[in-house]
Each structure stands twice: as structure tokens, then as C-alpha cells.
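These notes are about the structure you will find just below.
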4 protein chains.
Amino acid sequence: VKEAVLGDLCNDLIAKGINGLTPLGSTGEFPYLNQGQRDRIVEVTVEAAGNRVPVIPGVSAAAVAGAITQAKTYQLMGATGILLTLDVYFPLSELQIEAYFRGVADAIELPIIIYTNPTFQKFSLSIDLIERLSKHPNIVALKDASTNTGRLLSVLNRCGDRLDVFAASSHIPLSVMMIGGKGWLAGPACIIPSQSVELYRLCVAGEWSKAKDLQCRLWEVNEIFERYSLAACIKAALEEQGYPVGDPVFPLAPLGGDERSRIREVLNDVATLGPKEPSFRARGRLLSASGE
Amino acid sequence: VKEAVLGDLCNDLIAKGINGLTPLGSTGEFPYLNQGQRDRIVEVTVEAAGNRVPVIPGVSAAAVAGAITQAKTYQLMGATGILLTLDVYFPLSELQIEAYFRGVADAIELPIIIYTNPTFQKFSLSIDLIERLSKHPNIVALKDASTNTGRLLSVLNRCGDRLDVFAASSHIPLSVMMIGGKGWLAGPACIIPSQSVELYRLCVAGEWSKAKDLQCRLWEVNEIFERYSLAACIKAALEEQGYPVGDPVFPLAPLGGDERSRIREVLNDVATLGPKEPSFRARGRLLSASGE
Amino acid sequence: VKEAVLGDLCNDLIAKGINGLTPLGSTGEFPYLNQGQRDRIVEVTVEAAGNRVPVIPGVSAAAVAGAITQAKTYQLMGATGILLTLDVYFPLSELQIEAYFRGVADAIELPIIIYTNPTFQKFSLSIDLIERLSKHPNIVALKDASTNTGRLLSVLNRCGDRLDVFAASSHIPLSVMMIGGKGWLAGPACIIPSQSVELYRLCVAGEWSKAKDLQCRLWEVNEIFERYSLAACIKAALEEQGYPVGDPVFPLAPLGGDERSRIREVLNDVATLGPKEPSFRARGRLLSASGE
Amino acid sequence: VKEAVLGDLCNDLIAKGINGLTPLGSTGEFPYLNQGQRDRIVEVTVEAAGNRVPVIPGVSAAAVAGAITQAKTYQLMGATGILLTLDVYFPLSELQIEAYFRGVADAIELPIIIYTNPTFQKFSLSIDLIERLSKHPNIVALKDASTNTGRLLSVLNRCGDRLDVFAASSHIPLSVMMIGGKGWLAGPACIIPSQSVELYRLCVAGEWSKAKDLQCRLWEVNEIFERYSLAACIKAALEEQGYPVGDPVFPLAPLGGDERSRIREVLNDVATLGPKEPSFRARGRLLSASGE
């Protein structure tokens, strides 16, 4: 764990207007780190944030007991909330999945954003189950990494008054904002923070036509996230911007020359799309997330 | 095939402002009909349309030769274009899939809307392949029935100047319109034509805030399409509105009492959401589609 | 349809000891043929068989009515039974799948072999459903094209006294015979008929050690069937052996030079593994199947 | 971790003729245990085995470094070999998968059984890759938990002289033994050890007809493993036999009353199928495995 680099990155993201930080989110390499490394990442992030923005670390486990231990550790370190997901090995019934999320929510005091990613994970949450979970006082938001934006409209129609909905990089942020989403927690915000903040500002202001133009140009950043291995992509993009984050954990492979060229090209394309000055800061809402 | 009922339905849809008809689209029962029945459906639809709106029948085959035969038959009957898809039994390589669409496009004179539905069909089209196909002069549009709206933004960024993009019922029409889509070809338009036309009008006019409010309320119609068997759902909804279309083809099962009650409830919820008078007609663009 | 070639092939297969013929089985190109072509293939096969071996054509449809029409047509032509499967477009419930097979079985007089292929088809049959169907007097056998041989042992334990079980090319014939299977209906039998008949003889005789040695050497034939497109593979292998069957239907692609070399190599490897003289003929049981 | 119960179980399995023990195999709850618990299970098992049979613990990690740490820990504890698998979160290329297995094999001195389970894991090994890995001096065997027995025949034909092949509970042990497999590493051996040893003896002796009769009757044990949650099933079956192993780790659910009755029924059905006296012990080959 490169602590100085991580601290610098957090500082810069906050300076550019990012509204929150989610270390150990799914953009990074959390499955490849041991618990000691994970703990240290959260500590460094909390320290760098210095109460300027919320810090919402990712918590993932197979057993309820393991998730509670992680959450309590992060709470003691000063985390503002957790982004909670589930490791499935043996298939679980919907009742068992519900018992996991409810079991963790009952045991901790931090607010919880539930995270579901049907592409990388072996479980999904039905809309009925999301609605039931939304009634738990500690479960306050959903981050959805499916590609199905219609699903989010169903969630918002059913329990949008109780549950904030955030997009992952597989959704078009503009589309999610327009139907009532609250923001996005996604890798691209980590490498194009100014532009992400500007898009967010336009959506919140209801300037849909301008937001559409910016969104269409920024979308190629999400496309490279989908095309390349996530961890390799974000590490290469950060290196391009001067953060010496190194290679991904073996056996993950670093990107090759052509792929790095494409990333450089994309970063150049969108370099001028941010606001003149990064002064805007939304209040009370998470906008995005850095990984590690 | 209930010809009189089909003719009445087409007439009513046109009267309510629908901008096109796609008999043998995927909302209906085309896989269950023999070629004679399919031909008759297209004949009846063309006759009912009476040149007031385009008629774009669905064409689906495993072999190129079969698709060409269907397309030429429908052209002689007066079809305006075709909605072309592919039956896959043995898995096909991307080259073979391209050869199919290109082979049909080379052989016929009608404009082609390519239809891709990864949920029900055993093939998908990569964005690279869509881009290559968009350069064929006879291939003018794409109807996408994935749930992945971000995929459509990638298509629009890459070849939106050559290819019109239409949503199926698995996308949020509002989201697709906002990123540059041209309309939707989808089952709901067949059972709530006035409301669909109104939503379309608001989107074309850039009245995004009003469009959003209407979209959120209409979305439950798409939800019942996803929850219930498509053919059974549309037949039940049409029966509720006075079209005696009968039961789906055996072994498809008609909806039960609870499901019909839910459909009735949804139709009631949205009944008053249409425009005061169904006068609007968009020019030059397909809006939606009837099945059978 | 190359009628003379098909007739010659059927004759030669019978001369080499094959115990049955299944035109329009899944090894061939039935999804690419229209009904007229299918009818003619069955006619030619029945005529070539001349009552020497059973002829069991494949029947496949989405609607019950269509399957019954096909079955009755083939019965009039002299078919001995049918190999029945189901085309699924919209997903069907288990009850609807059962209604399809039961609906066809109730309406026809021929014995039925149910065919299930989870790799290429969008339905599967649970063991509970197979057990229920096995009680229908017209349903006499199962051809399973999964790769899961343990599933066949479960079927045999549950209803092996009422239902004959046949392997497709995805199972090891030796393994299926050893647990109580009755034979195999599979593409390889069409291109290595003598060797297939010899393997069958060894299994029926309980000469397991010899059967094992032969099976291990013949398995590479099944491997090419899995690796290459089925229809292309069988057409190339037949061409190698002097049957001018031509290329697969467009957009299916013929095999390339390397693939043909591999097929030639495999045919050479196993060329000498048949019996000295092709005199054995099992009684009352299907052994294998030719496609087209 | 109930150390006394685990020790007793290991002792009893060895007394009944089991030829090896694989703690932390996939039948148990290893994904739900932290590393400290895992270490203790291996220690207890090695101690109970007392050099009478090999002990081959399961090793699973996402990063190469983590797998090496586990393997070296178990080696110091006295493990005889490891059963190595891979946790995939982000999809890996075949090259990365190969790098993982090769990276671990290069770094440790214990013999390695590679474990692949396409049902529960998000990676598979192609036969080409298995062949390449089989040339590494430390990679000596494969445990395959697919259901595809034909795949194992392909592996045996390609590299059976360098790689021992073991079945998981998803294969029919008889079928795998007949084509040249060396045994099985599977949950059922833990709950019916005598009968498993007897089946193994019959296969090794080439008494195929008797082996077939025994296999057909024992298969229902594998069926309950497939039908019920693995960990819950094995815990219930052990409780039935007097081992107080307790409930599975939350949120895994214990079996209900009907399921326990079915397990009791199955255990009764096969209770008398073992040998008269549990004296047989195969030499130099693993037969089966206990979990926890």
C-alpha cells in the first residue's frame, strides 16, 4: 500500500470538488488485499479526508460475523458509513441474502449503502428485497452496478423516498440523475474528478441540455472502464496523471502499450471539459468515490 | 389470425397518433405462427394502415435465403421496411452473424432496422459490428432490446449520424430519447398509445421535466411486460380494452386472475395521463409498434 | 437436398450395422431447412431404409399444433417413431414445457423419444418432469445432449424401467452403456459406423475392458464434434469419405484447411478400429443416427 | 471450530479405510472462516492423521502471494500436499489464470492437486491449459467438479500419464474410475466412508458388474449433495451419525425437518452396502476427503 500516493490522491480529489471517498470500493483491488492492508487503506483515507467529505469504505464478507468485524473496525477509524456487499461461494437463497444484510445492519451503527454488482458477484437483489431492506433504519442507499437503468427507476418508484440511489460506472450518470438518482460512486470520478463534478452540477441544476452534451463526451471514460480490467485501467490512468500507484497485484496484469495509448487519448479528449474553477460543492450528498 | 380485430387495432393506434406499425415484432407470437399466418398478418396490417404510417414487419430466419424470401414477400405486400433479426441454433461466429445481416441487406431494397434481443435470442451484436453494419446503405436503424442503455450511448457516439436508434420496452424511453434516440418500438405503445405519443411529444420538445414526471408514472406498464409472459400480457391488456384477441398459442398460457387484476390496475393508473386530444403526429420518425 | 447422396449414405450405414436412422436430428441442419425440404429428407430416408431399420425423424416446433402436423406427416411417410424437441423463444414455465410434450404425445400414435439439449436449446427438463413424462404410454425414451452423465444415472434410477436412455455425442457412450443406457443417437455414428457398432457390441457383451480401450481411442471423434460447428464437421467428414454433401447452409461456414486436416487425421487414427466384418446387428434397440 | 469432533471424525474415517484427508476442501465452509480458523483446522487434521494417511488441505486465494503464504503455513504444519484453487473477482484471462497456478507451483515444495469447480467458481481451465500445467513438476493431479465426464476422458487421453485425475461429487465415481481416474475427493466419502472404500476396491479390482450395482445404489447420496446446500447437507448427515458438528455458519441456513428426514432415509438405504470388514486400504492413492 502506497500510503503517500493514496493520501495525495484523496487530497486532490477533495480539492477538485469530490463529495465523498469510498476506499475498498469495487474499482480497486480489495479482493487481493489482506485485512491488514485493507485497514491501513481506510486509515490513510480517513486521515487525508480530515472531515472535509464523508469516507465510506467497502465491506465485503461471506459470513455476517466477518462483515460486522470489518464495519466496526472502520467505524473506530472514523468512517462515516459503509458500502456493504456480500461474497457468495455456495449459492444463497433470497432469505439468506436478506439475513446477511439485515444481520449486519442490526449490529452496527453506521449508515449503510448496499452494493450490488451482478457482473462480478454471484448474487443479485430483487426489487422486492431492496424494498424490504430499505425499511431498515440503517440502510440508507443503494449502489447498483448492473447495466439496467430501468431497474433503478423501479427501485425509485417503489422506495425512492427512503433509499438514495447511486450509479456505478456501468450506468449513464445523466440517465440515473434524471430519473431521481442522487449521484454516482464510480471509478471514473477518480480519474476525471473536475469533469464529474461539473456533470453533477449541471444535473442538479436541471440544465439537461448542457448535461447531455457533457455526458456524451465523457462516456468514453466509462467505455474504457468496461473494456479493460478495472484495476489495471484505473492504475494506468492515475499513473498518466502523475500518481505513481504501480502495477496491479499479481496475477492481475498491467495494461499494454496500446491500451495505455488509448487511455492517454481518452484523457486528452476530455481534459478541457471541466469547469473553469472547481468551486462547486454539493451539500449532503455523495458524489463519487476513489478506490485503491 | 383474427383479421377484423387486428385491422381495428391498427386503425385505432393510428388514430391515436402512433407513427408506425411493426407486425410480427417480438412482442407478439411470431415464433408460434407458420409462414402462411405471418403473411396474412402483414397483409391485414398494410391494408389497415392505408399508407398513413409506415409498416415495418419483423423478419426472422436461420438461413439468409429464408430471410430474403420473407422480406421480398412483405415488400410485394406493401411493407415500408423490415425489422430484421436472426434465429440462432448452432452458435455463430461474429463473422457469420455479419454475413447474415449483410447477405439480407445486399439482396433486398427495403430499409432495414436491425433487431437484437440478448434476453430471448442466442446472439448479440458488438458495437464494432453495429458500426460496420451501419455503413451499409440499406441498414438504417437499430432496435435494441437489451437493458443496457449505456450500450446505446456508445452506439450513438460511434455511428449515430448514420443509424437511428430505437428502444425496446426494456429501456426507459425517456433515457434513450435524451441521449439521442429516435423513438421506441415496443409493446407498451400498443396498449397505451395516447400516453406513449404524449411522452414522445414531450421528449421531442425538450420538455424534460414534464417528460420525467410522465415517464415515472408510465414505467409500471413496462414492468408488467417484464414480469409476465409478453404475449400473454399484451393479449390480456388488449382484451381489457375491448379487443377480443383471444388466448396465446398453446403451450403459452393465458394470464391468471391475479395477473389480469394487476394489468387492469396498471391500465387504470395511467388512463388519464394521455393528452387532452390525440392530435400530435411526429414527422418522419417511427414512434412505436403493434405486435400480434 | 442431395437426395441420391442421402440415399447412398443411409444404405451404407445400414450395411455397416447401424440400428436406426434419425433424419433431422440435431447433428444436421434442420433449423436451416424449410418444411418442404424437411419432408423430402424424411421420405428419402424412409425409402432408403426399406424397413430394415427404424427411422425416427426429428420433430421440433414452438407450438403444439406445429409439432403434431410434422409428426403426422412423417407417420404417413412411414416413420417408426419421432425424436421430439421444443423451440423456445419466450421462456416457458415447467408446466408449459410439460404441456407441450404431453400435448404432442396425446395427439399422435408414434412412439416418442424426447430430446433435450441444454447447450443449444433454451429449456431443460428436470428429473421430476422426465419421470412424469415417462408414464405417458407414447413416451418411450430420452436422448440427452447435456454433458452431465450423473443426470442420466438419476433418470435411470428413477424411471429406467419405463424409459430407454440414449446418449448424444456429449456423453461418453461407454459410461452411459455401463450405467444402463440403451445406446446412442449421435453424429459420430454417422461417420464411423463400423467402429460405433463394434463399441456397442462390446458394451452389450459386457466386455468392459476391451470396450474401454476402444472408447478411449474413439473419443477424439466426439472431441472434433464439440470443437467445430456440428453441421460443418459432419459435412466435412462425409466429404472425406466420398459423400459429396456440399457446404453447410449460409451463413454457416464450411471448415477451413487446418480443420479439415484435423478431421482427416482423426478419421485415419480410428480407421482400423472397427470389427473385421460388419456382421453384428443388435435387436430391438436403436444404436445410432444419421443427420442431414 | 469444534476440535474434538473434527479429530474424532478424522480418526473414524481413517479406521474405515479412507486413504486421505482434505481439510478446507470445497464441501465445507472454508469461504466463511478466517485464516486463524483455517490454520487450526489443518493443525487438528494433521495431528489426528498421525502420518497414517496423507493430509491435503485446500488453498484458495485471489493473489498469488496469499496462496503461497497459506501453502507454506500448511507445509510447516505437516501437510502432505495442497488442493489449490483460485478466487476470481474481476474476470481473468487464461494467461493470468495460468500465471496464478504456475506462480504458486514455482514457490512451494508440496505436490499440488489443482481444483476446478465451474459451478461455484468464476473460472474454468481449458484442456490445453491443464495439459500445459501438467508439465510442471509440482502439479501432480486434478480434481474436477464439473459434471462433464467426457472432459476428464479428454484430459486423461492428453496427459493422463503425468496427471492423476480425481472426481468430485458431481461425477459418477464408477465412470471416472473406468476411464482411468485415480479416485475421488468428495463429500460423500465423509459420510459413507465404508461404502466408498468398497466401491473403490471393486473398481480397482476390475469387478465392474458388482461396482455398477453398488454405484447405482450409492448415487442417491450424491443426489442429496447436489440438491441441498453442501455445507448444510454434510453437517446434517454427520449429526445423524453422532458427530455434534452444529449448524452451518450464518447466513448459511441449517436444513429443515423434511430435508433431514430425506438424509436419514438415504443413509438408511445405503447403510448395509459397505464391506463386511473395513480392512481394505489402497496403496499410494488418495481416495477421498473430509471437509469442515
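Each chain in the C-alpha cells gets a letter, A, B, ..., in the order shown, and its residues are numbered from 1; ligands are numbered from 1 in order too.
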DSSP-assigned alpha helix (DSSP H) among stretch 85-280 of chain A, expressed as number ranges by chain | A: 94-107, 127-133, 149-159, 173-178, 188-191, 193-204, 208-227, 230-240, 257-270
Near stretch 85-99 of chain C, counting only C-alpha atoms, which residues have an atom at most 7 Å away, once you skip same-chain residues fewer than 2 positions from it, shown as a ChimeraX atom specification?
-> /B:31,120,251-252 /C:59-62,83,101-103,114-116,122-123
Selection export as a compact mmCIF listing (two decimals), in the first residue's frame, atoms kept: all heavy atoms:
# COMPACT_ATOMS: atom_id res chain seq x y z
N PRO B 31 -42.98 -16.50 -33.31
CA PRO B 31 -42.33 -17.81 -33.39
C PRO B 31 -43.33 -18.96 -33.43
O PRO B 31 -42.95 -20.09 -33.73
CB PRO B 31 -41.49 -17.88 -32.09
CG PRO B 31 -41.40 -16.48 -31.60
CD PRO B 31 -42.66 -15.81 -32.06
N PHE B 120 -33.78 -13.00 -25.21
CA PHE B 120 -34.52 -14.10 -25.82
C PHE B 120 -33.75 -14.77 -26.95
O PHE B 120 -34.15 -15.82 -27.43
CB PHE B 120 -35.87 -13.61 -26.40
CG PHE B 120 -36.85 -13.20 -25.35
CD1 PHE B 120 -37.85 -12.28 -25.63
CD2 PHE B 120 -36.81 -13.74 -24.08
CE1 PHE B 120 -38.78 -11.91 -24.67
CE2 PHE B 120 -37.73 -13.37 -23.10
CZ PHE B 120 -38.71 -12.46 -23.41
N PRO B 251 -48.29 -24.03 -26.32
CA PRO B 251 -48.42 -24.15 -24.87
C PRO B 251 -48.21 -22.86 -24.09
O PRO B 251 -48.08 -22.94 -22.88
CB PRO B 251 -47.32 -25.15 -24.52
CG PRO B 251 -46.21 -24.80 -25.45
CD PRO B 251 -46.92 -24.41 -26.74
N LEU B 252 -48.15 -21.70 -24.74
CA LEU B 252 -48.16 -20.47 -23.95
C LEU B 252 -49.46 -20.43 -23.15
O LEU B 252 -50.51 -20.85 -23.65
CB LEU B 252 -48.09 -19.24 -24.87
CG LEU B 252 -46.79 -19.06 -25.66
CD1 LEU B 252 -46.85 -17.78 -26.48
CD2 LEU B 252 -45.58 -19.03 -24.74
N VAL C 59 -38.55 -33.96 -34.73
CA VAL C 59 -39.70 -33.04 -34.79
C VAL C 59 -39.42 -31.91 -33.80
O VAL C 59 -39.11 -32.18 -32.64
CB VAL C 59 -41.01 -33.77 -34.41
CG1 VAL C 59 -42.13 -32.77 -34.14
CG2 VAL C 59 -41.42 -34.75 -35.52
N SER C 60 -39.51 -30.68 -34.28
CA SER C 60 -39.24 -29.55 -33.41
C SER C 60 -40.17 -28.41 -33.77
O SER C 60 -40.32 -28.06 -34.95
CB SER C 60 -37.79 -29.09 -33.60
OG SER C 60 -37.49 -28.09 -32.66
N ALA C 61 -40.82 -27.82 -32.78
CA ALA C 61 -41.73 -26.70 -33.05
C ALA C 61 -41.87 -25.87 -31.79
O ALA C 61 -41.48 -26.30 -30.70
CB ALA C 61 -43.11 -27.22 -33.49
N ALA C 62 -42.40 -24.68 -31.93
CA ALA C 62 -42.69 -23.82 -30.78
C ALA C 62 -44.11 -24.08 -30.26
O ALA C 62 -44.36 -24.03 -29.07
CB ALA C 62 -42.53 -22.35 -31.16
N LEU C 83 -38.29 -38.19 -32.78
CA LEU C 83 -37.37 -37.63 -31.79
C LEU C 83 -37.88 -36.21 -31.56
O LEU C 83 -37.72 -35.34 -32.42
CB LEU C 83 -35.96 -37.63 -32.39
CG LEU C 83 -34.82 -37.11 -31.52
CD1 LEU C 83 -34.61 -37.99 -30.30
CD2 LEU C 83 -33.51 -37.05 -32.33
N PHE C 101 -44.98 -31.38 -24.42
CA PHE C 101 -44.64 -32.78 -24.71
C PHE C 101 -45.88 -33.67 -24.56
O PHE C 101 -46.13 -34.56 -25.36
CB PHE C 101 -43.51 -33.25 -23.80
CG PHE C 101 -42.17 -32.70 -24.22
CD1 PHE C 101 -41.57 -31.64 -23.56
CD2 PHE C 101 -41.52 -33.22 -25.34
CE1 PHE C 101 -40.35 -31.12 -23.97
CE2 PHE C 101 -40.30 -32.70 -25.77
CZ PHE C 101 -39.71 -31.66 -25.09
N ARG C 102 -46.68 -33.39 -23.54
CA ARG C 102 -47.88 -34.17 -23.31
C ARG C 102 -48.91 -33.94 -24.43
O ARG C 102 -49.56 -34.88 -24.89
CB ARG C 102 -48.46 -33.77 -21.95
CG ARG C 102 -49.12 -34.84 -21.18
CD ARG C 102 -49.49 -34.33 -19.79
NE ARG C 102 -48.46 -34.56 -18.81
CZ ARG C 102 -48.15 -35.76 -18.31
NH1 ARG C 102 -48.79 -36.85 -18.72
NH2 ARG C 102 -47.21 -35.89 -17.41
N GLY C 103 -49.00 -32.68 -24.86
CA GLY C 103 -49.96 -32.36 -25.92
C GLY C 103 -49.63 -33.09 -27.22
O GLY C 103 -50.52 -33.60 -27.90
N ILE C 114 -37.89 -38.31 -26.36
CA ILE C 114 -37.74 -36.90 -26.02
C ILE C 114 -36.28 -36.51 -26.15
O ILE C 114 -35.38 -37.26 -25.75
CB ILE C 114 -38.24 -36.65 -24.59
CG1 ILE C 114 -39.76 -36.76 -24.58
CG2 ILE C 114 -37.80 -35.29 -24.09
CD1 ILE C 114 -40.34 -36.59 -23.21
N TYR C 115 -36.05 -35.35 -26.72
CA TYR C 115 -34.68 -34.88 -26.93
C TYR C 115 -34.46 -33.59 -26.17
O TYR C 115 -35.23 -32.65 -26.30
CB TYR C 115 -34.44 -34.66 -28.43
CG TYR C 115 -33.08 -34.10 -28.75
CD1 TYR C 115 -31.93 -34.69 -28.24
CD2 TYR C 115 -32.93 -32.97 -29.55
CE1 TYR C 115 -30.67 -34.19 -28.53
CE2 TYR C 115 -31.68 -32.46 -29.85
CZ TYR C 115 -30.56 -33.07 -29.33
OH TYR C 115 -29.31 -32.57 -29.61
N THR C 116 -33.43 -33.55 -25.39
CA THR C 116 -33.13 -32.33 -24.64
C THR C 116 -31.66 -31.99 -24.75
O THR C 116 -30.80 -32.83 -24.62
CB THR C 116 -33.58 -32.46 -23.16
OG1 THR C 116 -33.17 -31.30 -22.44
CG2 THR C 116 -32.97 -33.66 -22.49
N LYS C 122 -33.10 -23.47 -25.27
CA LYS C 122 -33.37 -22.61 -24.12
C LYS C 122 -34.37 -23.25 -23.15
O LYS C 122 -35.20 -22.57 -22.58
CB LYS C 122 -33.87 -21.25 -24.59
CG LYS C 122 -32.79 -20.47 -25.35
CD LYS C 122 -33.21 -19.03 -25.57
CE LYS C 122 -34.46 -18.98 -26.41
NZ LYS C 122 -34.94 -17.61 -26.65
N PHE C 123 -34.30 -24.57 -23.01
CA PHE C 123 -35.10 -25.19 -21.96
C PHE C 123 -34.35 -26.42 -21.49
O PHE C 123 -33.48 -26.93 -22.17
CB PHE C 123 -36.50 -25.58 -22.47
CG PHE C 123 -36.52 -26.81 -23.32
CD1 PHE C 123 -36.88 -28.05 -22.79
CD2 PHE C 123 -36.14 -26.75 -24.64
CE1 PHE C 123 -36.90 -29.20 -23.57
CE2 PHE C 123 -36.14 -27.89 -25.44
CZ PHE C 123 -36.52 -29.10 -24.91
Shell of 10 Å around stretch 73-75 of chain C, only C-alpha atoms, local chain residues under 2 positions omitted, as a count of residues only | 25
May I have the residues of chain D within 10 Å of chain C, counting only C-alpha atoms, written as a VMD selection string?
-> chain D and resid 146 to 151 153 to 154 156 to 157 169 to 176 178 to 180 206 to 209 212 to 213 215 to 217 219 to 220 222 to 223
Keeping only N, CA, C and O atoms, write the selected residues as a short mmCIF file (atom, residue, chain, number, x, y, z; two decimals), in the first residue's frame.
data_model
loop_
_atom_site.label_atom_id
_atom_site.label_comp_id
_atom_site.auth_asym_id
_atom_site.auth_seq_id
_atom_site.Cartn_x
_atom_site.Cartn_y
_atom_site.Cartn_z
N SER D 146 -16.68 -30.26 -12.35
CA SER D 146 -17.71 -30.07 -13.37
C SER D 146 -18.59 -31.31 -13.35
O SER D 146 -18.35 -32.24 -12.59
N THR D 147 -19.61 -31.32 -14.18
CA THR D 147 -20.42 -32.54 -14.32
C THR D 147 -20.06 -33.28 -15.61
O THR D 147 -20.69 -34.27 -15.94
N ASN D 148 -19.04 -32.79 -16.30
CA ASN D 148 -18.76 -33.26 -17.66
C ASN D 148 -17.67 -34.34 -17.66
O ASN D 148 -16.47 -34.04 -17.72
N THR D 149 -18.10 -35.58 -17.61
CA THR D 149 -17.15 -36.68 -17.50
C THR D 149 -16.34 -36.85 -18.79
O THR D 149 -15.17 -37.26 -18.76
N GLY D 150 -16.92 -36.48 -19.92
CA GLY D 150 -16.19 -36.55 -21.19
C GLY D 150 -14.95 -35.66 -21.17
O GLY D 150 -13.92 -35.99 -21.77
N ARG D 151 -15.06 -34.55 -20.48
CA ARG D 151 -13.92 -33.66 -20.32
C ARG D 151 -12.75 -34.38 -19.63
O ARG D 151 -11.59 -34.20 -20.00
N LEU D 153 -12.14 -37.59 -19.78
CA LEU D 153 -11.54 -38.54 -20.72
C LEU D 153 -10.58 -37.80 -21.65
O LEU D 153 -9.49 -38.30 -21.97
N SER D 154 -10.95 -36.59 -22.06
CA SER D 154 -10.04 -35.80 -22.89
C SER D 154 -8.75 -35.49 -22.13
O SER D 154 -7.65 -35.59 -22.68
N LEU D 156 -7.45 -37.24 -19.66
CA LEU D 156 -6.70 -38.49 -19.49
C LEU D 156 -6.01 -38.89 -20.79
O LEU D 156 -4.85 -39.34 -20.78
N ASN D 157 -6.70 -38.71 -21.91
CA ASN D 157 -6.06 -39.03 -23.20
C ASN D 157 -4.85 -38.12 -23.45
O ASN D 157 -3.86 -38.56 -24.04
N SER D 169 -17.96 -34.78 -6.30
CA SER D 169 -19.23 -35.49 -6.14
C SER D 169 -20.19 -35.30 -7.31
O SER D 169 -21.21 -35.97 -7.38
N SER D 170 -19.86 -34.42 -8.24
CA SER D 170 -20.74 -34.20 -9.38
C SER D 170 -20.53 -35.23 -10.49
O SER D 170 -21.32 -35.29 -11.43
N HIS D 171 -19.47 -36.00 -10.42
CA HIS D 171 -19.26 -37.10 -11.37
C HIS D 171 -19.70 -38.42 -10.74
O HIS D 171 -19.71 -38.57 -9.52
N ILE D 172 -19.98 -39.41 -11.60
CA ILE D 172 -20.20 -40.77 -11.13
C ILE D 172 -18.81 -41.38 -10.90
O ILE D 172 -18.06 -41.56 -11.86
N PRO D 173 -18.44 -41.71 -9.65
CA PRO D 173 -17.11 -42.26 -9.42
C PRO D 173 -16.80 -43.47 -10.31
O PRO D 173 -15.70 -43.57 -10.87
N LEU D 174 -17.76 -44.37 -10.46
CA LEU D 174 -17.56 -45.55 -11.32
C LEU D 174 -17.12 -45.15 -12.72
O LEU D 174 -16.19 -45.74 -13.29
N SER D 175 -17.78 -44.13 -13.29
CA SER D 175 -17.45 -43.73 -14.67
C SER D 175 -16.04 -43.18 -14.74
O SER D 175 -15.31 -43.45 -15.71
N VAL D 176 -15.65 -42.42 -13.75
CA VAL D 176 -14.32 -41.82 -13.75
C VAL D 176 -13.25 -42.89 -13.54
O VAL D 176 -12.20 -42.89 -14.19
N MET D 178 -13.50 -45.98 -14.41
CA MET D 178 -13.45 -46.86 -15.57
C MET D 178 -12.62 -46.27 -16.71
O MET D 178 -11.98 -47.01 -17.47
N ILE D 179 -12.65 -44.95 -16.85
CA ILE D 179 -11.87 -44.35 -17.95
C ILE D 179 -10.43 -44.03 -17.53
O ILE D 179 -9.69 -43.44 -18.29
N GLY D 180 -10.07 -44.43 -16.32
CA GLY D 180 -8.67 -44.24 -15.93
C GLY D 180 -8.44 -43.27 -14.78
O GLY D 180 -7.28 -42.93 -14.49
N GLY D 206 -11.36 -54.25 -10.94
CA GLY D 206 -11.98 -54.51 -12.24
C GLY D 206 -13.26 -55.33 -12.14
O GLY D 206 -13.70 -55.90 -13.13
N GLU D 207 -13.87 -55.35 -10.98
CA GLU D 207 -15.15 -56.07 -10.85
C GLU D 207 -16.27 -55.12 -11.23
O GLU D 207 -17.06 -54.67 -10.39
N TRP D 208 -16.37 -54.85 -12.53
CA TRP D 208 -17.22 -53.75 -12.99
C TRP D 208 -18.70 -54.01 -12.78
O TRP D 208 -19.46 -53.08 -12.52
N SER D 209 -19.10 -55.25 -12.89
CA SER D 209 -20.53 -55.53 -12.76
C SER D 209 -20.99 -55.30 -11.32
O SER D 209 -22.01 -54.64 -11.06
N LYS D 212 -20.91 -51.61 -10.59
CA LYS D 212 -22.07 -50.91 -11.15
C LYS D 212 -23.28 -51.03 -10.21
O LYS D 212 -23.98 -50.05 -9.96
N ASP D 213 -23.53 -52.22 -9.69
CA ASP D 213 -24.68 -52.39 -8.80
C ASP D 213 -24.53 -51.52 -7.55
O ASP D 213 -25.48 -50.87 -7.12
N GLN D 215 -22.65 -48.80 -7.25
CA GLN D 215 -22.70 -47.38 -7.64
C GLN D 215 -24.13 -46.89 -7.81
O GLN D 215 -24.48 -45.80 -7.37
N CYS D 216 -24.95 -47.70 -8.47
CA CYS D 216 -26.34 -47.27 -8.71
C CYS D 216 -27.06 -47.02 -7.39
O CYS D 216 -27.84 -46.08 -7.27
N ARG D 217 -26.77 -47.83 -6.39
CA ARG D 217 -27.44 -47.65 -5.10
C ARG D 217 -26.85 -46.48 -4.32
O ARG D 217 -27.57 -45.78 -3.60
N TRP D 219 -25.64 -43.74 -5.55
CA TRP D 219 -25.78 -42.46 -6.25
C TRP D 219 -26.71 -41.50 -5.53
O TRP D 219 -26.56 -40.28 -5.61
N GLU D 220 -27.70 -42.02 -4.80
CA GLU D 220 -28.63 -41.11 -4.13
C GLU D 220 -27.93 -40.26 -3.07
O GLU D 220 -28.41 -39.19 -2.73
N ASN D 222 -24.96 -38.85 -3.62
CA ASN D 222 -24.52 -37.69 -4.41
C ASN D 222 -25.70 -36.78 -4.77
O ASN D 222 -25.55 -35.56 -4.84
N GLU D 223 -26.87 -37.38 -5.00
CA GLU D 223 -28.04 -36.56 -5.34
C GLU D 223 -28.41 -35.60 -4.21
O GLU D 223 -28.78 -34.45 -4.48
#
As a PyMOL selection string, which residues of stretch 23-271 of chain A does DSSP assign to strand (DSSP E or B)?
-> chain A and resi 55+58-61+82-86+112-116+139-144+148+164-167+183-184
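Distances from A:Val1, A:Leu255, A:Gly66, A:Ile139 to A:Glu29 were compared using only C-alpha atoms, and the smallest one belongs to A:Val1.
In this model, the gap between atom CA of C:Val104 and atom CA of B:Ala236 comes to 26.2 Å.
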